[in-house]
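Visitor: What follows is a single structure, and I will ask about it in a moment.
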Amino acid sequence: MTRTISAEFVGHAPAVAGPGAPLQFCIPAAASLQERRPRTLKHDDTFGVFDHNGDALSGPGSPEGVYYRDTRHLSHLYLTMSGQRPMLLSSTLRDDNATLTCDLTNPDLFDDEGRLVLEHDLLHLRRSRFLWNGACHERLSIRNFDDQRRRGRVDLAFAADFADLFEVRGTVRTRRGALLKPEVADNRVTLAYVGLDRRRRETVLRFDPVPDELTAEIASIDFDLAPRESKTIVVEIAFDGVGKEPAGRTFLRALRDARRALRNSTSRATAIVTSNDIFNESVRRSVSDLYMLVTDTPEGPYPYAGIPWFSAVFGRDALITALEMLWLDPAIARGVLLHLAANQATEFDPESDAEPGKILHEVRYGEMAELREVPFRRYYGSVDSTPLFVMLAGAYLERTGDIVTLRRLWPHIEAALRWIGTHGDRDGDGFVEYGRHTEEGLINQGWKDSHDSVFHRNGALAKGPIALCEVQAYVYGAWRAAAAIACALGRPEHAPELDRRAEALCTAFDAAFFDDGLGTYVPALDGRKRPCRVRSSNAGHALLTGLALPDRARRVVGTLMRPELFCGWGVRTVASSETRFNPMSYHNGSVWPHDNALIAAGLARYGFKREAAAIFEGLFAASTYIDMRRLPELFCGFARQRTRGPTFYPVACMPQAWAAAAPLSMLRDCLGLGFDQARLQISFDEPVLPDFLDEVMLKNLSLDGGSADVALRRSRSKVVVDVLDRRGPLHVLTRN
């Protein structure tokens, strides 16, 4: 009997495991991230995964370490005092994610004959760490709280395996490059590797003061402290040539610059304060995580998808994150649109599933991607990124009125529309389908991209080309958005044809996808146009863009909110009544916060705000059981029970951008918040507050250079809107 190990593909998808089947691009489920509860830091293309002590412990299945551009440049970092690991007091991230602080103390220390030489809790160690501009900076402070002088030694062991991210995730390589002989100087060690791509990758560790002993594997520093005296050790770990000044001189300057950059970016966002202190913590964590995940590209700010496995450019993830964040920081959407436009496919490339006009799925910079051992160097295998790109462009224009940026984007929007109408619609039936061009590409190319996520009622996997329910909704939204953009750009002659295509899609979609027996839309049509008669969360996305006919919406909502789909924490990806339902699966029964946020937006669009508020309450309740109030990429879809929290998914990323943005998106939809740039008007359309909120205050709600501070308060069965301050000529309108 062959034992199958659960695993996931890089594109958020589980790999096919079976007799003789290679687990390409997989994340082995041998170790749970939830069990480790790692501490994560990120800046631009560098991220770190540490344990609570601040160490990175190497070993099979361990994702810990510091990564730079998809290579693990530091695989081991281990602090000991007099040969023993310090005891943990606390481990905290700053609210803005700028620094990780680990407070430690000495355990009981014994000599070689077993005699106690130092009682525990007399020496305090504080590790302060942050990432900035391709380097990891750390300050270690040791303080003596004993009433007598204490001497000892601190050892910091280190190593760099220069493993490609896909190796860390489980891909086995038959050949690797060469580790070079370490170079040891008075205060520095240089570790280097030359890959099969002939590129040298380098990690340089520098210490201040100069260690008492320094080898290629360990730095040892002695201390001799009087009562209340302290000693500080500064370590800089730089990658690929970053960092030239002495470590002690750069620490404070880099810390100042890192905090200043975070303050400048988060200052753009609308501030949210509510009557619920726990929700306030959740919001602060969401905002901090989002801006930590944002990377500055030449085109503007771009949210990377998540840590540890998806700290990279992903098209779909960033587009949805930008949509979720659009109301409080439109600059994110602008950066996403311009960066994806700059990387839009212009020619055919079967190995990367590229077709002219198609929008990126994923970009990687590691050795394996450069050598095409994985197809993700610049990969276009997502069917939904292209219509989502046009949708976001339309939403950005509506939110900001930024005609200048839209003129710049218009050629890319036209190219995206051509892709939708030609290469996206493979058989000319008006629906957009997908199918990979090579065996190395992703099998399924919607957001549910597990190999088994599209199936028929009897459990048989659907064969492509496959037309997904939610993709047709995004295409409908893209046609509508493009018509509005064309009119705004002085090209009204384009609008009638774009609107006609939207109307034709609406009619065809209802006929092909609505299943009267299921009371909802089917998730997909297979390659023979047979419907996959399964109740799933996909149908909720049809409400998002207005594709669903009004008389269908109530039945779809009723199905979504039945216990088979709505488990109390959120809407499951697949109903519990379906053949392939598994609450512990990646896509066949789990709960994804971003999926629920898009469904809630659709519910609100059709007037079902109470149901949207119920989903909002479920996700908020789940966050109260999670470390740092941080919503993960997904969690298991077991039914909610009183006095118990949700069941975690073992290798879910935290933080994950579109999950972090989900509560912000749902707050907007419950409040009915809208923007009319032409009229300089902010509106609240039939606002509803979920049960856990009695008051919400929005500060610096901006529109076209003006801004307002607004408070919304529950008053019996209604929500009262109070304008606290207004700057500029904008107006605030309430519709109850």
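Labels for the structure tokens follow display order: chains A, B, ..., residues from 1 in each chain, ligands from 1.
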Skipping near chain neighbours, those fewer than 5 positions away, what residues fall within 8 Å of segment 327-343 of chain A using only C-alpha atoms, listed as a list in words?
Guide: Arg268, Ala269, Thr270, Thr297, Pro298, Glu299, Gly300, Pro301, Tyr302, Pro303, Gly315, Ala318, Leu319, Ala322, Ile359, Leu360, Phe389, Leu392, Ala393, Tyr396, Arg399, Thr400, Thr405, Leu409, His412, Arg668, Leu701 and Ser702 of chain A
Visitor: Keeping only C-alpha atoms, write the selected residues to a file as a compact mmCIF listing (two decimals), in the first residue's frame.
Guide:
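Contents of part_17.txt, freshly written:
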```
# COMPACT_ATOMS: atom_id res chain seq x y z
CA ARG A 268 -2.58 57.38 3.44
CA ALA A 269 -5.20 55.01 4.79
CA THR A 270 -8.48 55.94 6.41
CA THR A 297 7.94 48.58 -7.31
CA PRO A 298 9.01 51.07 -10.02
CA GLU A 299 5.30 51.50 -10.82
CA GLY A 300 4.12 51.99 -7.22
CA PRO A 301 3.14 50.03 -4.09
CA TYR A 302 2.25 46.38 -4.66
CA PRO A 303 0.98 43.94 -2.00
CA GLY A 315 -1.70 38.97 -10.04
CA ALA A 318 -3.02 41.70 -5.52
CA LEU A 319 -6.00 42.65 -7.68
CA ALA A 322 -6.55 46.22 -4.02
CA ILE A 359 -2.21 39.47 -16.97
CA LEU A 360 0.40 37.89 -14.71
CA PHE A 389 -7.46 43.82 -14.00
CA LEU A 392 -10.09 47.10 -10.81
CA ALA A 393 -9.29 49.78 -13.40
CA TYR A 396 -10.24 52.81 -9.40
CA ARG A 399 -13.17 55.92 -6.71
CA THR A 400 -10.62 58.56 -7.76
CA THR A 405 -3.65 57.09 -15.00
CA LEU A 409 -3.69 52.14 -18.83
CA HIS A 412 -3.42 47.61 -21.68
CA ARG A 668 -17.32 48.96 3.86
CA LEU A 701 -12.13 59.44 4.54
CA SER A 702 -10.77 61.08 1.41
```
Visitor: Can you tell me which residues surround Leu74 of chain A at a distance of at most 6 Å, considering only C-alpha atoms, apart from same-chain residues fewer than 5 positions away, and format the answer as a count of residues only?
Guide: 3
Visitor: Quick one: residues within 7 Å of segment 515-527 of chain A, only C-alpha atoms counted, chain neighbours fewer than 2 positions away excluded, as a ChimeraX atom specification?
Guide: /A:462-469,513,529-536,538-539,555-556,559
Visitor: Could you check the closest approach to Trp132 of chain A for each of A:Asp257, A:Asp208, A:Asp147, A:Asp240 and tell me which residue wins, using only C-alpha atoms?
Guide: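 Smallest separation from Trp132 of chain A among the options: A:Asp257.
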Visitor: Which residues are close to segment 49-60 of chain A, i.e. within 6 Å by only C-alpha atoms, leaving aside same-chain residues fewer than 6 positions away? Reply as a PDB file with N, CA and C atoms, in the first residue's frame.
Guide:
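Below is the file around11.pdb, written as the result:
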```
ATOM      1  N   PRO A  38       4.830  30.947  13.924  1.00  0.00           N
ATOM      2  CA  PRO A  38       6.064  31.699  13.709  1.00  0.00           C
ATOM      3  C   PRO A  38       5.846  33.201  13.802  1.00  0.00           C
ATOM      4  N   ARG A  39       6.938  33.900  14.017  1.00  0.00           N
ATOM      5  CA  ARG A  39       6.973  35.348  13.958  1.00  0.00           C
ATOM      6  C   ARG A  39       7.549  35.729  12.596  1.00  0.00           C
ATOM      7  N   THR A  40       6.863  36.602  11.884  1.00  0.00           N
ATOM      8  CA  THR A  40       7.273  36.936  10.530  1.00  0.00           C
ATOM      9  C   THR A  40       7.558  38.430  10.401  1.00  0.00           C
ATOM     10  N   SER A  75      19.552  30.021   6.945  1.00  0.00           N
ATOM     11  CA  SER A  75      18.713  28.865   7.263  1.00  0.00           C
ATOM     12  C   SER A  75      18.780  28.470   8.731  1.00  0.00           C
ATOM     13  N   HIS A  76      19.752  29.034   9.464  1.00  0.00           N
ATOM     14  CA  HIS A  76      19.902  28.654  10.870  1.00  0.00           C
ATOM     15  C   HIS A  76      20.428  29.844  11.652  1.00  0.00           C
ATOM     16  N   LEU A  77      19.777  30.116  12.775  1.00  0.00           N
ATOM     17  CA  LEU A  77      20.209  31.172  13.690  1.00  0.00           C
ATOM     18  C   LEU A  77      19.786  30.726  15.082  1.00  0.00           C
ATOM     19  N   TYR A  78      20.770  30.509  15.954  1.00  0.00           N
ATOM     20  CA  TYR A  78      20.459  29.877  17.238  1.00  0.00           C
ATOM     21  C   TYR A  78      21.292  30.530  18.332  1.00  0.00           C
ATOM     22  N   SER A  91       7.320  37.324  23.372  1.00  0.00           N
ATOM     23  CA  SER A  91       7.728  37.521  21.982  1.00  0.00           C
ATOM     24  C   SER A  91       6.639  38.343  21.313  1.00  0.00           C
ATOM     25  N   CYS A 102      12.006  39.977  21.344  1.00  0.00           N
ATOM     26  CA  CYS A 102      11.953  38.736  22.119  1.00  0.00           C
ATOM     27  C   CYS A 102      12.658  38.970  23.448  1.00  0.00           C
TER      28      CYS A 102
END
```
Visitor: Residues at most 7 Å from segment 630-647 of chain A, counting only C-alpha atoms, excluding those fewer than 6 positions away in the same chain, as a list in words?
Guide: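 Answer for this query is Ser282, Arg285, Ser286, Cys567, Gly568, Trp569, Arg572, Pro583, Met584, Gly589, Ser590, Val591, Trp592, Pro593, Ala622, Ser623, Cys653, Met654, Pro655, Gln656, Ala659 and Ala660 of chain A.
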Visitor: Just write the chosen residues, C-alpha atoms, as a PDB file, in the first residue's frame.
Guide:
```pdb
ATOM      1  CA  SER A 282      -8.025  43.166  14.511  1.00  0.00           C
ATOM      2  CA  ARG A 285      -3.271  44.120  12.734  1.00  0.00           C
ATOM      3  CA  SER A 286      -4.924  43.934   9.303  1.00  0.00           C
ATOM      4  CA  CYS A 567     -20.670  26.854   8.903  1.00  0.00           C
ATOM      5  CA  GLY A 568     -20.963  29.759  11.369  1.00  0.00           C
ATOM      6  CA  TRP A 569     -17.420  31.044  10.784  1.00  0.00           C
ATOM      7  CA  ARG A 572     -17.393  27.012   3.000  1.00  0.00           C
ATOM      8  CA  PRO A 583     -13.444  20.444   5.985  1.00  0.00           C
ATOM      9  CA  MET A 584      -9.666  19.915   6.229  1.00  0.00           C
ATOM     10  CA  GLY A 589     -14.814  22.509   2.356  1.00  0.00           C
ATOM     11  CA  SER A 590     -12.502  25.041   4.000  1.00  0.00           C
ATOM     12  CA  VAL A 591     -13.312  28.694   4.775  1.00  0.00           C
ATOM     13  CA  TRP A 592     -11.327  31.452   3.047  1.00  0.00           C
ATOM     14  CA  PRO A 593     -11.700  35.009   4.391  1.00  0.00           C
ATOM     15  CA  ALA A 622     -12.904  33.437  14.328  1.00  0.00           C
ATOM     16  CA  SER A 623     -10.217  36.140  14.575  1.00  0.00           C
ATOM     17  CA  CYS A 653      -0.010  31.505   5.333  1.00  0.00           C
ATOM     18  CA  MET A 654      -0.175  34.271   7.940  1.00  0.00           C
ATOM     19  CA  PRO A 655      -0.203  37.089   7.129  1.00  0.00           C
ATOM     20  CA  GLN A 656      -1.975  36.767   3.783  1.00  0.00           C
ATOM     21  CA  ALA A 659      -7.292  37.683   4.129  1.00  0.00           C
ATOM     22  CA  ALA A 660      -5.962  40.699   6.023  1.00  0.00           C
TER      23      ALA A 660
END
```
Visitor: Can you pull out every residue within 8 Å of Arg727 of chain A, counting only C-alpha atoms, but drop anything in the same chain fewer than 4 positions away, and send it as a list in words?
Guide: Gly706, Ser707 and Ala708 of chain A
Visitor: Taking only C-alpha atoms into account, name the residue in A:Arg198, A:Arg151, A:Arg206, A:Arg364 that is nearest to Thr71 of chain A.
Guide: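 Of all the options, A:Arg364 lies closest to Thr71 of chain A.
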Visitor: Calculated over only C-alpha atoms, which of the candidates A:Leu598, A:Val294, A:Ile443, A:Ile420 has the smallest distance to Glu470 of chain A?
Guide: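 Closest to Glu470 of chain A, using only C-alpha atoms: A:Leu598.
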Visitor: Would you pick out the contacts of Gly83 of chain A at 12 Å or less, using only C-alpha atoms, so that residues sharing its chain but fewer than 4 positions from it are not included, and give the list as a list in words?
Guide: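 Final neighbour list, sorted by chain and number: Tyr78, Leu79, Asn106, Pro107, Asp108, Leu109, Phe110, Asp111, Asp112, Gly152, Arg153, Val154, Asp155, Leu156, Ala157 and Ser220 of chain A.
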Visitor: Please extract the residues of segment 432-669 of chain A with a backbone DSSP assignment of helix (DSSP H, G or I) and present them as a ChimeraX atom specification.
Guide: /A:469-488,492-513,538-544,550-560,593-605,609-623,627-629,657-660,662-669
Visitor: Which residue, A:Ala163, A:Leu693, A:Ile221, A:Ala345, has the smallest gap to Leu179 of chain A when you use only C-alpha atoms?
Guide: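 Using only C-alpha atoms, the shortest distance to Leu179 of chain A belongs to A:Ala163.
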Visitor: What does the distance from atom CA of Asn133 of chain A to atom CA of Val194 of chain A come to in Å, to one decimal?
Guide: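 According to the coordinates, atom CA of Asn133 of chain A and atom CA of Val194 of chain A are separated by 22.4 Å.
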Visitor: Which is closer to Asp289 of chain A than all the others in A:Asp95, A:Asn458, A:Asp103, A:Gln681, using only C-alpha atoms?
Guide: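 Using only C-alpha atoms, Asp289 of chain A sits closest to A:Asp95.
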Visitor: From the set A:Arg605, A:His456, A:Lys358, A:Arg115, which residue has the shortest atom-to-atom contact distance to Gly546 of chain A, counting only C-alpha atoms?
Guide: A:Arg605
Visitor: Quick check for you: according to DSSP on this backbone, which residues of segment 456-531 of chain A are classed as strand (DSSP E)? Reply as an MDAnalysis selection string.
Guide: chainID A and resid 467:468 514:515 520:521 524:525
